[in-house]
>>> print(open('data.pdb').read())   # PDB, C-alpha atoms
ATOM      1  CA  MET A 105     -51.533  -1.205  -6.825
ATOM      2  CA  LYS A 106     -51.394   1.852  -9.060
ATOM      3  CA  THR A 107     -47.973   3.238  -9.979
ATOM      4  CA  PHE A 108     -46.961   6.708 -11.109
ATOM      5  CA  THR A 109     -44.175   8.321 -13.077
ATOM      6  CA  ILE A 110     -42.155  11.002 -11.344
ATOM      7  CA  GLY A 111     -44.113  13.694 -13.194
ATOM      8  CA  GLN A 112     -47.439  12.231 -12.113
ATOM      9  CA  VAL A 113     -46.287  11.935  -8.493
ATOM     10  CA  ALA A 114     -45.082  15.530  -8.500
ATOM     11  CA  ARG A 115     -48.331  16.811  -9.998
ATOM     12  CA  GLU A 116     -50.522  14.812  -7.598
ATOM     13  CA  ALA A 117     -48.520  15.946  -4.569
ATOM     14  CA  GLY A 118     -48.296  19.580  -5.667
ATOM     15  CA  VAL A 119     -44.501  19.685  -5.833
ATOM     16  CA  GLY A 120     -41.935  19.888  -8.608
ATOM     17  CA  VAL A 121     -40.114  16.959 -10.156
ATOM     18  CA  GLU A 122     -36.804  18.264  -8.804
ATOM     19  CA  THR A 123     -38.360  18.369  -5.338
ATOM     20  CA  VAL A 124     -39.242  14.689  -5.621
ATOM     21  CA  ARG A 125     -35.659  13.907  -6.643
ATOM     22  CA  PHE A 126     -34.295  16.058  -3.811
ATOM     23  CA  TYR A 127     -36.467  14.330  -1.187
ATOM     24  CA  GLU A 128     -35.356  10.996  -2.552
ATOM     25  CA  ARG A 129     -31.681  12.011  -2.179
ATOM     26  CA  GLN A 130     -32.407  13.259   1.363
ATOM     27  CA  GLY A 131     -33.954   9.933   2.319
ATOM     28  CA  LEU A 132     -37.433  11.354   2.890
ATOM     29  CA  ILE A 133     -38.889   9.046   0.268
ATOM     30  CA  GLU A 134     -37.574   5.661  -0.757
ATOM     31  CA  GLU A 135     -35.885   5.133  -4.059
ATOM     32  CA  PRO A 136     -38.564   3.692  -6.338
ATOM     33  CA  SER A 137     -38.300   0.583  -8.408
ATOM     34  CA  ARG A 138     -37.667   0.996 -12.095
ATOM     35  CA  ARG A 139     -39.507  -0.304 -15.104
ATOM     36  CA  ALA A 140     -37.644  -2.265 -17.730
ATOM     37  CA  SER A 141     -37.435   1.014 -19.652
ATOM     38  CA  GLY A 142     -35.519   2.573 -16.747
ATOM     39  CA  TYR A 143     -38.305   4.937 -15.729
ATOM     40  CA  ARG A 144     -39.003   5.288 -12.030
ATOM     41  CA  GLN A 145     -42.168   3.613 -10.845
ATOM     42  CA  PHE A 146     -43.635   5.235  -7.724
ATOM     43  CA  ASP A 147     -46.450   3.694  -5.720
ATOM     44  CA  GLU A 148     -49.428   5.783  -4.639
ATOM     45  CA  GLY A 149     -48.190   5.972  -1.028
ATOM     46  CA  VAL A 150     -45.412   8.304  -2.182
ATOM     47  CA  VAL A 151     -47.992  10.941  -3.112
ATOM     48  CA  ASP A 152     -49.354  10.922   0.444
ATOM     49  CA  ARG A 153     -45.838  11.090   1.883
ATOM     50  CA  LEU A 154     -44.944  14.042  -0.366
ATOM     51  CA  ARG A 155     -48.116  15.851   0.673
ATOM     52  CA  PHE A 156     -47.204  15.228   4.316
ATOM     53  CA  ILE A 157     -43.731  16.672   3.731
ATOM     54  CA  ARG A 158     -45.162  19.692   1.878
ATOM     55  CA  GLU A 159     -47.666  20.424   4.657
ATOM     56  CA  ALA A 160     -45.021  20.027   7.363
ATOM     57  CA  LYS A 161     -42.706  22.422   5.506
ATOM     58  CA  GLU A 162     -45.524  24.962   5.266
ATOM     59  CA  LEU A 163     -45.796  24.787   9.068
ATOM     60  CA  GLY A 164     -42.099  25.598   9.346
ATOM     61  CA  PHE A 165     -40.657  22.173  10.067
ATOM     62  CA  THR A 166     -37.144  21.559   8.745
ATOM     63  CA  LEU A 167     -36.342  18.472   6.704
ATOM     64  CA  ASN A 168     -34.648  16.882   9.731
ATOM     65  CA  GLU A 169     -37.717  17.590  11.858
ATOM     66  CA  ILE A 170     -39.908  16.117   9.126
ATOM     67  CA  LYS A 171     -37.766  12.968   9.142
ATOM     68  CA  GLU A 172     -38.411  12.730  12.882
ATOM     69  CA  LEU A 173     -42.145  13.190  12.389
ATOM     70  CA  LEU A 174     -42.194  10.538   9.677
ATOM     71  CA  SER A 175     -40.322   8.175  12.003
ATOM     72  CA  LEU A 176     -42.818   8.831  14.773
ATOM     73  CA  LYS A 177     -45.646   8.172  12.347
ATOM     74  CA  VAL A 178     -44.470   4.626  11.654
ATOM     75  CA  ASP A 179     -43.048   3.791  15.106
ATOM     76  CA  SER A 180     -45.669   1.812  16.998
ATOM     77  CA  SER A 181     -44.056   2.731  20.330
ATOM     78  CA  SER A 182     -44.539   6.457  19.644
ATOM     79  CA  SER A 183     -47.495   8.343  20.993
ATOM     80  CA  CYS A 184     -49.423  11.431  20.108
ATOM     81  CA  ALA A 185     -47.618  13.110  23.026
ATOM     82  CA  ASP A 186     -44.310  12.621  21.166
ATOM     83  CA  VAL A 187     -45.708  14.398  18.127
ATOM     84  CA  LYS A 188     -47.253  17.133  20.263
ATOM     85  CA  GLY A 189     -43.874  17.699  21.907
ATOM     86  CA  ARG A 190     -42.271  18.241  18.511
ATOM     87  CA  ALA A 191     -45.048  20.657  17.543
ATOM     88  CA  GLU A 192     -44.661  22.593  20.796
ATOM     89  CA  ALA A 193     -40.908  22.830  20.247
ATOM     90  CA  LYS A 194     -41.606  24.215  16.757
ATOM     91  CA  ILE A 195     -43.999  26.784  18.240
ATOM     92  CA  ALA A 196     -41.272  27.922  20.650
ATOM     93  CA  ASP A 197     -38.819  28.148  17.757
ATOM     94  CA  ILE A 198     -41.268  30.226  15.717
ATOM     95  CA  GLU A 199     -41.958  32.527  18.668
ATOM     96  CA  GLU A 200     -38.205  33.142  19.078
ATOM     97  CA  LYS A 201     -37.908  33.929  15.370
ATOM     98  CA  ILE A 202     -40.806  36.378  15.684
ATOM     99  CA  ARG A 203     -39.073  38.123  18.620
ATOM    100  CA  THR A 204     -35.857  38.323  16.592
ATOM    101  CA  LEU A 205     -37.702  39.762  13.590
ATOM    102  CA  GLN A 206     -39.462  42.307  15.817
ATOM    103  CA  ARG A 207     -36.084  43.452  17.217
ATOM    104  CA  MET A 208     -34.751  43.765  13.672
ATOM    105  CA  LYS A 209     -37.795  45.776  12.642
ATOM    106  CA  ARG A 210     -37.486  48.141  15.612
ATOM    107  CA  ALA A 211     -33.818  48.753  14.816
ATOM    108  CA  LEU A 212     -34.584  49.437  11.147
ATOM    109  CA  VAL A 213     -37.478  51.752  12.007
ATOM    110  CA  LYS A 214     -35.183  53.712  14.330
ATOM    111  CA  LEU A 215     -32.532  53.969  11.609
ATOM    112  CA  THR A 216     -34.971  55.079   8.918
ATOM    113  CA  LYS A 217     -36.434  57.728  11.229
ATOM    114  CA  ALA A 218     -32.913  59.078  11.816
ATOM    115  CA  CYS A 219     -32.374  59.425   8.068
ATOM    116  CA  LYS A 220     -33.816  62.532   6.404
ATOM    117  CA  GLY A 221     -33.427  60.965   2.973
ATOM    118  CA  ASP A 222     -31.305  63.747   1.565
ATOM    119  CA  GLY A 223     -27.605  64.487   1.387
ATOM    120  CA  PRO A 224     -24.708  62.332   0.261
ATOM    121  CA  THR A 225     -24.443  58.687   1.232
ATOM    122  CA  SER A 226     -21.242  59.512   3.122
ATOM    123  CA  GLU A 227     -23.489  61.224   5.692
ATOM    124  CA  CYS A 228     -26.269  58.673   5.729
ATOM    125  CA  PRO A 229     -27.053  57.641   9.321
ATOM    126  CA  ILE A 230     -28.203  54.204   8.172
ATOM    127  CA  LEU A 231     -24.905  53.460   6.438
ATOM    128  CA  GLU A 232     -22.958  55.004   9.346
ATOM    129  CA  SER A 233     -24.774  52.732  11.754
ATOM    130  CA  LEU A 234     -24.021  49.675   9.635
ATOM    131  CA  ASP A 235     -20.352  50.688   9.581
ATOM    132  CA  GLY A 236     -20.475  51.032  13.357
ATOM    133  CA  LYS A 237     -19.630  54.743  13.103
ATOM    134  CA  LYS A 238     -21.199  57.329  15.351
ATOM    135  CA  LYS A 239     -22.291  60.665  13.954
ATOM    136  CA  SER A 240     -20.158  63.539  15.329
TER     137      SER A 240
END
>>> encode(input="data.pdb", output="structure tokens")
Amino acid sequence: MKTFTIGQVAREAGVGVETVRFYERQGLIEEPSRRASGYRQFDEGVVDRLRFIREAKELGFTLNEIKELLSLKVDSSSSCADVKGRAEAKIADIEEKIRTLQRMKRALVKLTKACKGDGPTSECPILESLDGKKKS
């Protein structure tokens, strides 16, 4: 079996060396064996696992959710329906975040329309709104 240094693993997986160390501390990848020289010696399966983690993060999964997905991946009693359920829950989470961002955008658009962009900041309707003050 081929082994890699931490730099090689990071390069192959498309992540940084510090990311590899972080995932190791978080328990997402196992602590590798060490050579006599003290250097870490990663097996090629770690590259695939890091790519999995990277892809899952790009889809919005948290590290805890990724741990769950990784557990499902190796649990022979798990089914595709279990994974689909996690993905559907993530979709619902993303949709709620989108609704929240849309509300934030509407509020900011309303505030910027109320501001003429001139005058002192003491009379700025945006700042007044953030202070909770009403314009008299």
>>> resolve_selection(input="data.pdb", expression="the PyMOL selection byres ((chain A and resi 218) around 12)", output="ChimeraX atom specification")
/A:211-217,219-222,227-233,239
>>> closest_residue(input="data.pdb", among="A:Ser175, A:Ser183, A:Thr204, A:Thr109", to="A:Val151", atoms="only C-alpha atoms")
A:Thr109
>>> atom_distance(input="data.pdb", atom1="atom CA of A:Leu132", atom2="atom CA of A:Lys171")
6.5 Å
>>> closest_residue(input="data.pdb", among="A:Ile110, A:Ala196, A:Ile133, A:Ile202", to="A:Gly149", atoms="all atoms listed in the file")
A:Ile133
>>> closest_residue(input="data.pdb", among="A:Leu154, A:Ala191, A:Ser181, A:Val124", to="A:Glu169", atoms="only C-alpha atoms")
A:Ala191
>>> residues_around(input="data.pdb", residues="A:Ile157", least_positions_apart="3", cutoff="9 Å", atoms="only C-alpha atoms", output="list of chain:residue names")
A:Leu132, A:Asp152, A:Arg153, A:Leu154, A:Ala160, A:Lys161, A:Glu162, A:Phe165, A:Leu167, A:Ile170, A:Lys171, A:Leu174
>>> axis_aligned_box(input="data.pdb", around="stretch 132-142 of chain A", padding_each_side="3 Å", output="JSON")
{"center_x": -37.5, "center_y": 4.5, "center_z": -8.4, "size_x": 10.0, "size_y": 19.6, "size_z": 28.5}
>>> atom_distance(input="data.pdb", atom1="atom CA of A:Thr107", atom2="atom CA of A:Leu176")
25.9 Å
>>> closest_residue(input="data.pdb", among="A:Ala140, A:Ile198, A:Met105, A:Val150", to="A:Val119", atoms="only C-alpha atoms")
A:Val150
>>> build_atoms(input="data.pdb", residues="stretch 168-190 of chain A", atoms="N, CA and C atoms", output="compact mmCIF listing (two decimals), in the frame of the given file")
# COMPACT_ATOMS: atom_id res chain seq x y z
N ASN A 168 -35.02 17.80 8.64
CA ASN A 168 -34.65 16.88 9.73
C ASN A 168 -35.82 16.66 10.68
N GLU A 169 -36.54 17.72 10.99
CA GLU A 169 -37.72 17.59 11.86
C GLU A 169 -38.80 16.75 11.18
N ILE A 170 -38.92 16.91 9.87
CA ILE A 170 -39.91 16.12 9.13
C ILE A 170 -39.52 14.65 9.15
N LYS A 171 -38.22 14.36 9.03
CA LYS A 171 -37.77 12.97 9.14
C LYS A 171 -38.18 12.38 10.49
N GLU A 172 -38.01 13.19 11.55
CA GLU A 172 -38.41 12.73 12.88
C GLU A 172 -39.91 12.46 12.94
N LEU A 173 -40.69 13.38 12.40
CA LEU A 173 -42.14 13.19 12.39
C LEU A 173 -42.54 11.94 11.61
N LEU A 174 -41.90 11.73 10.48
CA LEU A 174 -42.19 10.54 9.68
C LEU A 174 -41.82 9.27 10.44
N SER A 175 -40.72 9.33 11.19
CA SER A 175 -40.32 8.18 12.00
C SER A 175 -41.34 7.91 13.09
N LEU A 176 -41.81 8.99 13.73
CA LEU A 176 -42.82 8.83 14.77
C LEU A 176 -44.10 8.24 14.21
N LYS A 177 -44.41 8.63 12.99
CA LYS A 177 -45.65 8.17 12.35
C LYS A 177 -45.68 6.66 12.18
N VAL A 178 -44.52 6.06 11.90
CA VAL A 178 -44.47 4.63 11.65
C VAL A 178 -44.01 3.81 12.86
N ASP A 179 -43.54 4.49 13.91
CA ASP A 179 -43.05 3.79 15.11
C ASP A 179 -44.22 3.48 16.02
N SER A 180 -44.51 2.21 16.19
CA SER A 180 -45.67 1.81 17.00
C SER A 180 -45.49 2.14 18.47
N SER A 181 -44.26 2.38 18.92
CA SER A 181 -44.06 2.73 20.33
C SER A 181 -44.20 4.24 20.58
N SER A 182 -44.35 5.01 19.51
CA SER A 182 -44.54 6.46 19.64
C SER A 182 -45.98 6.76 20.00
N SER A 183 -46.14 7.92 20.64
CA SER A 183 -47.50 8.34 20.99
C SER A 183 -47.77 9.73 20.43
N CYS A 184 -49.01 10.10 20.53
CA CYS A 184 -49.42 11.43 20.11
C CYS A 184 -48.68 12.50 20.92
N ALA A 185 -48.36 12.17 22.17
CA ALA A 185 -47.62 13.11 23.03
C ALA A 185 -46.23 13.40 22.44
N ASP A 186 -45.61 12.41 21.81
CA ASP A 186 -44.31 12.62 21.17
C ASP A 186 -44.43 13.63 20.03
N VAL A 187 -45.47 13.49 19.25
CA VAL A 187 -45.71 14.40 18.13
C VAL A 187 -46.04 15.79 18.66
N LYS A 188 -46.88 15.85 19.67
CA LYS A 188 -47.25 17.13 20.26
C LYS A 188 -46.02 17.85 20.80
N GLY A 189 -45.12 17.10 21.40
CA GLY A 189 -43.87 17.70 21.91
C GLY A 189 -43.06 18.34 20.81
N ARG A 190 -43.00 17.67 19.66
CA ARG A 190 -42.27 18.24 18.51
C ARG A 190 -42.96 19.52 18.02
